[in-house]
Every structure is written in structure tokens, then in C-alpha cells.
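Engineer: Next up, input.cif (mmCIF, C-alpha atoms).
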data_work
#
loop_
_atom_site.label_atom_id
_atom_site.label_comp_id
_atom_site.auth_asym_id
_atom_site.auth_seq_id
_atom_site.Cartn_x
_atom_site.Cartn_y
_atom_site.Cartn_z
CA MET N 1236 120.09 129.49 57.38
CA LEU N 1237 118.68 132.68 58.87
CA ARG N 1238 116.59 133.20 55.78
CA LEU N 1239 115.29 129.64 56.07
CA SER N 1240 114.26 130.21 59.70
CA ALA N 1241 112.51 133.42 58.76
CA PHE N 1242 110.67 131.55 56.01
CA PHE N 1243 109.43 128.90 58.46
CA LEU N 1244 108.39 131.61 60.90
CA CYS N 1245 106.33 133.32 58.22
CA LEU N 1246 104.80 129.99 57.19
CA LEU N 1247 103.80 129.15 60.76
CA LEU N 1248 102.37 132.59 61.43
CA SER N 1249 100.34 132.53 58.25
CA SER N 1250 98.95 129.07 59.03
CA ARG N 1251 97.93 130.36 62.49
CA ALA N 1252 96.25 133.41 61.03
CA GLY N 1253 94.41 131.20 58.59
CA SER N 1254 93.10 128.88 61.26
CA THR N 1255 91.87 131.80 63.39
CA THR N 1256 89.22 132.58 60.80
CA GLN N 1257 87.77 129.07 61.18
CA THR N 1258 86.93 129.36 64.90
CA ASN N 1259 83.24 130.11 64.47
CA SER N 1260 81.20 126.94 64.17
CA THR N 1261 78.28 126.75 61.73
CA PRO N 1262 75.65 126.38 64.49
CA ALA N 1263 77.08 129.42 66.30
CA VAL N 1264 76.92 131.54 63.16
CA ALA N 1265 73.36 130.36 62.45
CA LEU N 1266 72.24 130.99 66.03
CA ALA N 1267 73.87 134.42 66.03
CA SER N 1268 71.72 135.38 63.08
CA LEU N 1269 68.54 133.76 64.43
CA THR N 1270 68.78 135.50 67.81
CA ASP N 1271 70.18 138.83 66.63
CA PRO N 1272 68.00 141.46 68.36
CA ALA N 1273 68.43 143.88 65.45
CA LYS N 1274 67.02 141.29 63.03
CA LEU N 1275 64.20 140.24 65.38
CA ALA N 1276 63.15 143.89 65.67
CA THR N 1277 62.57 144.06 61.93
CA LEU N 1278 60.22 141.03 61.82
CA LYS N 1279 56.69 141.85 60.80
CA GLY N 1280 53.47 139.94 61.31
CA GLU N 1281 52.05 137.77 64.04
CA ARG N 1282 54.16 134.86 65.27
CA ALA N 1283 56.94 135.90 62.91
CA ALA N 1284 59.66 134.68 65.29
CA ASN N 1285 58.02 131.31 65.99
CA PRO N 1286 59.81 129.43 63.16
CA ARG N 1287 63.12 130.74 64.52
CA LEU N 1288 62.64 128.75 67.71
CA GLN N 1289 62.36 125.49 65.76
CA LYS N 1290 65.53 126.33 63.87
CA CYS N 1291 67.44 127.41 67.00
CA VAL N 1292 66.61 124.07 68.65
CA TYR N 1293 67.66 122.26 65.48
CA TRP N 1294 71.07 123.98 65.46
CA LEU N 1295 71.65 123.36 69.17
CA ALA N 1296 70.79 119.67 68.77
CA TYR N 1297 72.98 119.48 65.67
CA ALA N 1298 75.89 121.08 67.54
CA GLU N 1299 75.51 118.57 70.36
CA GLU N 1300 75.45 115.73 67.83
CA GLN N 1301 78.74 117.03 66.45
CA GLY N 1302 80.33 116.96 69.92
CA GLU N 1303 79.98 120.66 70.69
CA LYS N 1304 78.59 121.95 73.98
CA PRO N 1305 75.29 123.80 73.39
CA GLU N 1306 76.16 126.26 76.18
CA ALA N 1307 79.46 127.14 74.51
CA VAL N 1308 77.83 127.45 71.08
CA LEU N 1309 75.33 129.92 72.51
CA ASP N 1310 78.13 131.92 74.12
CA GLU N 1311 79.95 132.01 70.81
CA SER N 1312 76.80 133.14 68.99
CA ALA N 1313 76.29 135.93 71.54
CA LYS N 1314 79.81 137.15 70.79
CA LEU N 1315 79.05 137.08 67.09
CA ASN N 1316 75.87 139.15 67.35
CA ARG N 1317 77.51 141.40 69.94
CA THR N 1318 75.11 140.70 72.78
CA ALA N 1319 77.62 138.78 74.95
CA GLY N 1320 77.53 139.84 78.58
CA THR N 1321 74.14 141.53 78.28
CA PRO N 1322 70.94 140.46 80.09
CA TYR N 1323 69.45 139.79 76.64
CA ALA N 1324 72.08 137.12 75.93
CA GLY N 1325 71.48 135.58 79.35
CA PHE N 1326 67.73 135.23 78.75
CA VAL N 1327 68.23 133.84 75.22
CA ARG N 1328 70.82 131.34 76.49
CA TRP N 1329 68.63 130.11 79.33
CA GLY N 1330 65.51 129.93 77.18
CA LEU N 1331 67.11 128.03 74.31
CA LEU N 1332 68.81 125.52 76.62
CA GLU N 1333 65.45 124.94 78.28
CA ASN N 1334 63.87 124.40 74.85
CA LEU N 1335 66.59 121.91 73.95
CA LYS N 1336 65.76 120.01 77.13
CA ILE N 1337 62.05 120.08 76.26
CA ALA N 1338 62.84 118.81 72.75
CA LYS N 1339 64.72 115.87 74.29
CA ASP N 1340 61.96 115.16 76.84
CA LEU N 1341 59.28 115.16 74.15
CA GLY N 1342 61.35 113.03 71.77
CA LEU N 1343 61.55 115.66 69.03
CA LEU N 1344 65.17 114.98 68.09
CA THR N 1345 64.49 111.99 65.85
CA PRO N 1346 65.83 112.15 62.26
CA GLU N 1347 62.30 113.08 61.10
CA GLY N 1348 61.89 115.69 63.84
CA MET N 1349 65.30 117.21 63.07
CA ALA N 1350 64.40 117.41 59.39
CA GLU N 1351 61.10 119.13 60.23
CA MET N 1352 62.73 121.65 62.53
CA ARG N 1353 65.41 122.39 59.97
CA ARG N 1354 62.61 123.24 57.53
CA VAL N 1355 61.15 125.48 60.28
CA LYS N 1356 58.17 123.19 60.80
CA SER N 1357 56.74 121.91 64.07
CA ALA N 1358 58.24 118.54 64.98
CA THR N 1359 56.05 115.63 66.02
CA ILE N 1360 56.23 114.48 69.65
CA THR N 1361 57.35 110.86 69.94
CA LYS N 1362 57.60 110.43 73.73
CA GLY N 1363 55.16 110.73 76.62
CA GLN N 1364 51.44 111.31 76.84
CA TYR N 1365 51.44 113.94 74.08
CA ALA N 1366 53.01 111.62 71.47
CA GLY N 1367 51.59 112.19 68.00
CA GLN N 1368 50.89 115.89 68.57
CA GLU N 1369 53.04 118.65 67.17
CA ALA N 1370 55.30 120.70 69.43
CA GLU N 1371 54.39 124.29 68.76
CA ALA N 1372 56.12 127.50 69.74
CA ASP N 1373 54.17 129.05 72.60
CA HIS N 1374 54.57 132.57 73.99
CA VAL N 1375 55.37 132.26 77.71
CA ILE N 1376 54.01 135.81 78.08
CA PRO N 1377 50.97 135.80 75.76
CA ARG N 1378 51.30 138.05 72.73
CA ALA N 1379 47.68 139.18 73.17
CA VAL N 1380 48.64 140.66 76.55
CA CYS N 1381 52.08 141.97 75.64
CA PRO N 1382 52.61 142.45 71.88
CA GLU N 1383 56.08 143.94 72.37
CA LEU N 1384 57.42 140.48 73.30
CA GLN N 1385 55.72 138.56 70.50
CA ASN N 1386 58.82 138.39 68.31
CA GLN N 1387 61.36 137.68 71.05
CA VAL N 1388 62.92 134.21 70.88
CA MET N 1389 63.47 134.28 74.65
CA ASN N 1390 59.69 134.46 75.17
CA LEU N 1391 59.05 131.29 73.16
CA GLU N 1392 58.80 127.75 74.42
CA LEU N 1393 57.97 124.43 72.76
CA LEU N 1394 54.63 123.15 73.94
CA PRO N 1395 52.36 120.26 72.89
CA ALA N 1396 49.63 121.59 70.58
CA SER N 1397 46.71 120.62 72.86
CA LEU N 1398 48.26 122.45 75.80
CA ASN N 1399 48.96 125.47 73.64
CA ARG N 1400 45.26 125.61 72.72
CA ALA N 1401 44.17 125.15 76.33
CA LYS N 1402 46.54 127.81 77.63
CA SER N 1403 45.31 130.49 75.24
CA ALA N 1404 46.14 134.01 76.53
CA LYS N 1405 46.25 133.06 80.17
CA VAL N 1406 48.99 134.84 82.16
CA THR N 1407 50.50 132.22 84.44
CA GLU N 1408 52.31 132.82 87.70
CA ARG N 1409 55.50 131.88 85.90
CA ALA N 1410 54.84 134.41 83.13
CA ARG N 1411 54.48 137.15 85.74
CA VAL N 1412 57.83 136.21 87.33
CA PHE N 1413 59.44 136.19 83.89
CA ALA N 1414 57.90 139.58 83.04
CA LYS N 1415 59.25 141.06 86.27
CA GLU N 1416 62.73 139.77 85.45
CA LEU N 1417 62.54 141.25 81.95
CA TYR N 1418 61.27 144.57 83.29
CA GLU N 1419 64.08 144.75 85.87
CA ALA N 1420 66.60 143.97 83.10
CA LYS N 1421 65.07 146.80 81.03
CA LEU N 1422 63.99 144.38 78.30
CA LEU N 1423 60.31 145.13 78.87
CA SER N 1424 58.66 148.54 79.07
CA GLU N 1425 56.78 149.73 82.16
CA ARG N 1426 53.57 149.79 80.11
CA GLY N 1427 54.14 146.18 79.02
CA PHE N 1428 54.80 145.00 82.57
CA GLU N 1429 51.71 146.78 83.86
CA ALA N 1430 49.57 145.09 81.20
CA ILE N 1431 50.88 141.66 82.26
CA ASP N 1432 50.42 142.44 85.94
CA LYS N 1433 46.85 143.56 85.29
CA ALA N 1434 46.03 140.43 83.27
CA TYR N 1435 47.43 138.09 85.96
CA MET D 765 122.69 131.70 65.86
CA LYS D 766 121.03 133.46 68.83
CA CYS D 767 118.81 135.33 66.44
CA LYS D 768 117.72 132.09 64.77
CA LEU D 769 116.96 130.49 68.13
CA ILE D 770 114.89 133.46 69.25
CA LEU D 771 112.95 133.42 66.01
CA LEU D 772 112.26 129.70 66.26
CA CYS D 773 111.23 129.91 69.94
CA LEU D 774 108.92 132.80 69.13
CA ALA D 775 107.32 130.90 66.29
CA PHE D 776 106.91 127.76 68.39
CA SER D 777 105.37 129.61 71.32
CA LEU D 778 102.89 131.33 69.04
CA VAL D 779 101.84 128.19 67.25
CA ALA D 780 102.12 125.35 69.73
CA GLU D 781 99.53 126.63 72.23
CA SER D 782 97.18 128.44 69.95
CA PRO D 783 94.74 125.73 68.82
CA ALA D 784 94.05 124.43 72.31
CA GLN D 785 93.93 127.89 73.82
CA ARG D 786 91.74 129.21 71.07
CA ASN D 787 89.37 126.29 71.54
CA ASP D 788 89.16 126.95 75.27
CA LEU D 789 88.51 130.63 74.74
CA THR D 790 85.81 130.20 72.14
CA ARG D 791 84.15 127.21 73.70
CA GLY D 792 84.39 128.56 77.24
CA ASP D 793 84.80 126.53 80.40
CA SER D 794 82.38 123.87 79.22
CA LYS D 795 82.81 121.57 82.20
CA LYS D 796 81.75 124.31 84.58
CA GLU D 797 78.97 125.51 82.30
CA LYS D 798 77.56 122.02 81.89
CA THR D 799 77.25 121.68 85.66
CA GLU D 800 75.51 125.05 85.87
CA ASN D 801 73.01 124.26 83.16
CA SER D 802 72.31 120.59 83.57
CA LYS D 803 71.11 120.97 87.16
CA LEU D 804 68.06 122.88 88.16
CA THR D 805 68.75 125.74 90.56
CA TYR D 806 66.34 127.49 92.91
CA GLU D 807 66.27 130.55 90.62
CA GLY D 808 65.78 128.34 87.55
CA ALA D 809 62.85 126.55 89.21
CA ILE D 810 61.17 129.87 90.01
CA ARG D 811 61.62 130.94 86.40
CA LEU D 812 60.05 127.68 85.22
CA TYR D 813 57.24 127.22 87.70
CA GLY D 814 56.81 130.56 89.45
CA PRO D 815 57.34 131.07 93.19
CA PRO D 816 56.77 127.92 95.29
CA ASP D 817 53.64 127.68 97.44
CA GLN D 818 55.58 126.43 100.45
CA GLU D 819 59.22 126.66 101.49
CA LYS D 820 60.90 124.92 104.38
CA GLN D 821 64.56 125.28 105.35
CA MET D 822 66.10 122.27 107.10
CA LYS D 823 68.94 122.36 109.65
CA ASP D 824 71.39 120.80 107.18
CA GLY D 825 70.77 123.65 104.72
CA THR D 826 68.37 121.72 102.48
CA LEU D 827 65.52 123.82 101.16
CA ILE D 828 62.25 121.99 100.51
CA CYS D 829 59.98 123.79 98.06
CA THR D 830 56.47 122.67 97.21
CA TRP D 831 54.43 123.70 94.20
CA VAL D 832 50.72 122.88 94.30
CA GLN D 833 48.81 122.27 91.10
CA SER D 834 45.65 124.00 92.21
CA ASP D 835 44.14 124.66 88.81
CA GLY D 836 44.11 121.12 87.42
CA VAL D 837 43.15 122.20 83.91
CA TYR D 838 46.40 121.02 82.36
CA SER D 839 46.74 117.73 84.18
CA ASN D 840 46.06 115.47 81.24
CA ALA D 841 45.55 115.60 77.50
CA ASN D 842 41.76 115.87 77.96
CA GLY D 843 42.23 119.00 80.01
CA ARG D 844 40.91 117.70 83.36
CA VAL D 845 42.56 116.48 86.51
CA PHE D 846 41.65 112.94 87.46
CA GLY D 847 40.86 111.95 91.02
CA GLY D 848 40.32 114.52 93.70
CA ASP D 849 43.81 114.64 95.19
CA THR D 850 45.97 117.72 95.00
CA THR D 851 48.91 117.24 92.69
CA LYS D 852 52.15 118.52 94.19
CA MET D 853 55.75 118.82 93.08
CA ILE D 854 58.37 118.85 95.81
CA ILE D 855 61.94 119.87 95.00
CA PHE D 856 64.79 119.48 97.46
CA PHE D 857 67.61 122.01 96.99
CA GLY D 858 71.01 121.52 98.59
CA PRO D 859 72.81 124.30 100.52
CA ASN D 860 74.40 125.34 97.19
CA GLY D 861 70.94 126.03 95.73
CA VAL D 862 71.09 123.13 93.26
CA MET D 863 68.35 120.48 93.05
CA LYS D 864 69.13 117.27 94.93
CA ASP D 865 65.86 115.45 94.43
CA ARG D 866 62.35 115.92 93.08
CA LYS D 867 59.11 114.15 93.89
CA PHE D 868 55.66 114.29 92.37
CA VAL D 869 52.70 113.59 94.61
CA ASN D 870 49.46 112.43 92.92
CA GLY D 871 49.00 112.64 89.17
CA ALA D 872 52.65 111.92 88.41
CA ILE D 873 52.48 111.10 84.74
CA LEU D 874 54.90 110.77 81.88
CA CYS D 875 55.43 114.50 81.39
CA PRO D 876 54.53 115.98 84.78
CA ASP D 877 56.56 119.17 84.31
CA TRP D 878 53.81 120.78 82.23
CA GLN D 879 51.30 120.73 85.03
CA PHE D 880 53.42 123.16 86.97
CA ARG D 881 54.81 125.19 84.09
CA LEU D 882 51.29 126.09 83.00
CA ARG D 883 49.47 126.40 86.28
#
Please lay out the structure from this file as C-alpha cells.

Structural biologist:
Amino acid sequence: MLRLSAFFLCLLLSSRAGSTTQTNSTPAVALASLTDPAKLATLKGERAANPRLQKCVYWLAYAEEQGEKPEAVLDESAKLNRTAGTPYAGFVRWGLLENLKIAKDLGLLTPEGMAEMRRVKSATITKGQYAGQEAEADHVIPRAVCPELQNQVMNLELLPASLNRAKSAKVTERARVFAKELYEAKLLSERGFEAIDKAY
Amino acid sequence: MKCKLILLCLAFSLVAESPAQRNDLTRGDSKKEKTENSKLTYEGAIRLYGPPDQEKQMKDGTLICTWVQSDGVYSNANGRVFGGDTTKMIIFFGPNGVMKDRKFVNGAILCPDWQFRLR
């Protein structure tokens, strides 16, 4: 009888250990890779991180569709890429949730839009005055002014194409506030912040 | 017999709570987080639109912030503001710093957020 109890104990413990390895959801794993600062630092070329924004929004929307909380998925992804608790993770979390909201407001999360974003393409806007245009990834702090932030997902935001063209390399009041926050969090160099301040 | 009972209790305590607990730990306190993220805060508004042009604190703790769209370049798809009135966005924050209400004055269109994000 004792041996039987020990057998059941072993069986239960092994089943628990097995289920522990399944805690990471697919969107969290994907987002961990897409927002990994070590990987972003190795990207080369102009606008190299832009397609990542489309895919991040796709995975967040997918997670929500599957009944997961986007906020929790982002927290899980930060744990996976070991940025949890850092200012970097905070900025990425806030930025991606904002982009998810924009995607909803602009009607990007249609089956066609989701398919486009999954293939890292710009989704077509289906709601509001910009319907028919593509939602492009825009640099909140222009890359022409501050190249060191050009491949940071947290500096990207979905924007209707016509507005993206009109904005060009203009440093907005908002961009200056954002730059100050990044500088204070030591995510932007003094030289970078000065360049933004000068361009404002 | 005691040994068997201890072993079984140990096994049950390890297994019975783990899925729910593990879910809570990995998913976080989603109820609380949802509240934090689904409502615009004063800090969040500044991050989105920059510092407000006017701020007024009421006796009941409500903070009324006004953003003025002075540029006008991004007011419509053609790139020009229509009419001559100043477009404003007024956000009312409760004493807890969370948005209670928001109003757009002049030029309130289908996607008015952009006017202030890009000013």
C-alpha cells in the first residue's frame, strides 16, 4: 500500500512538472523575441524594426482573441526576455498597448488586417476618416533627428499613411516629453536628447 | 498509515493549487492591470499629447486640462484645418488622476485623437 501511495505521488509530481513547462503562451514567446533589446540592437538598415511593430500588434490582438489579457502577455514576455521590472519593459508595454488601441480605433483587426500584420505588412484602415489608407509604423521621435532610437519598438506608433507623410521629421511637443522620459530612464544618450531638444 | 497520509496530503497540496496559482502568477493581477491600462491617466495623456496648454484644479479634486490644436496642419486628411475656430481637447481627471470625461471643441471628427498627438 505504501508503495502504491509513493507511486501516485511520483505520478502527480511528474504531471505537475510537465505542466510547468507549458506556462508560456505562444504570443508571449513571440513578443519576447520581437521586443528583445539584444536582438533589436543587432538590426541593420533603416526602418528595420518597423515590421516588428505590425507583428507585435498582431500577437497582442491574437492573444486577446484567445481570451488572454494583453497586459499579462506583455508581462510574461518581459520575463522571458529578462527585461521585467526595467524601465525598458515599462516603455515597451505602454507603447504596444497604445498601438493595440490604435489598431482597434482604426479598424485594423479585421481578418484581412490580421493576415497582413502577421505577414509583417501594413494593414488597411477600415474605420474613420482615414479608411482605405495603410497604417504605417511611424517614429514618434523622428529617426532623422535621433538615429539611436530608429530601431526601438517603443518609439514606433501606427499612423495613417497621409499623416505619416505630413509629419515628416517634425519633433512634436509629445516627442520632446517622450525623449525626456527616455533620457531620465537612461534609455537615451545625452547627445540624443540634446539633438531632439534642439530640433524642437 | 501516518506515513501514507502525509505522503498523500503532500501530493495533494502540491498539485491541487498549482494550476490556478501558476496561472495567477504568470498572468498577473489582470483585473487590476486592466483598470490601469484601459483608462487614460494624467501621466498617460501627457505622454500622448504633451503637456496641456491650460490646467485648472477644481475644489472637488477634478483637474481640467485643455490642449489647444494651434497648428491645424493635421486636422483633416487634406492637411488643413477647416473653419477658423480653435480646436480644443478638454480632459477631466478625477482626484485619482484617471480620466472621467473628455470633450472636443470644434473640429471633432471621427478620429480626433491624431490632431493632438501630432500637434

Engineer: Selected by the PyMOL selection byres ((chain N and resi 1327) around 9) in the shown coordinates: which residues, as a list in words?

Structural biologist: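 Selection result, ordered by chain and number: Thr1270, Leu1309, Pro1322, Tyr1323, Ala1324, Gly1325, Phe1326, Arg1328, Trp1329, Gly1330, Leu1331, Leu1332, Gln1387, Val1388, Met1389 and Asn1390 of chain N.
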
Engineer: Name the residues, using the chain letters and numbers of the file, that sit within 10 Å of (51.5, 121.9, 98.2) when counting only C-alpha atoms, and give them as a list of chain:residue names.

Structural biologist: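 Looking at atoms near the point gives D:Pro816, D:Asp817, D:Gln818, D:Glu819, D:Cys829, D:Thr830, D:Trp831, D:Val832, D:Gln833, D:Ser834, D:Thr850, D:Thr851, D:Lys852, D:Met853, D:Ile854, D:Val869.
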
Engineer: Please, what distance in Å, to one decimal, runs between CA of Gly858 in chain D and CA of Leu1417 in chain N?

Structural biologist: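 Distance between the two atoms: 27.2 Å.
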
Engineer: Env of Leu1391 in chain N: 6 Å cut, atoms = only C-alpha atoms, seq-sep filter 6 positions within chain, self excluded. Answer as an MDAnalysis selection string.

Structural biologist: chainID N and resid 1372:1375

Engineer: Would you work out the distance separating CA of Glu1369 in chain N from CA of Leu1266 in chain N, expressed in Å to one decimal?

Structural biologist: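 Pair CA of Glu1369 in chain N / CA of Leu1266 in chain N returns 22.9 Å.
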
Engineer: Rank nothing, just name the residue among D:Ile855, D:Leu882, D:Ile828, D:Met822 nearest to chain N, using all atoms listed in the file.

Structural biologist: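 Nearest candidate to chain N out of D:Ile855, D:Leu882, D:Ile828, D:Met822: D:Leu882.
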
Engineer: Nearest residue to Leu1422 in chain N out of N:Ala1410, N:Met1352, N:Ala1396, N:Leu1384, using only C-alpha atoms?

Structural biologist: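 For Leu1422 in chain N, the nearest of the candidates is N:Leu1384.
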
Engineer: Evaluate the PyMOL selection byres ((chain N and resi 1297) around 12) and record the selected residues as number ranges by chain, following the chain and residue labels used in the document.

Structural biologist: N: 1260-1263, 1265-1266, 1290-1296, 1298-1305, 1308, 1335, 1344-1346, 1348-1350, 1352-1353

Engineer: So what does the PyMOL selection byres ((chain D and resi 856) around 6) actually pick up in this one, as a list in words?

Structural biologist: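 Applied to this file, the PyMOL selection byres ((chain D and resi 856) around 6) selects Leu827, Ile828, Ile855, Phe857, Met863, Lys864 and Asp865 of chain D.
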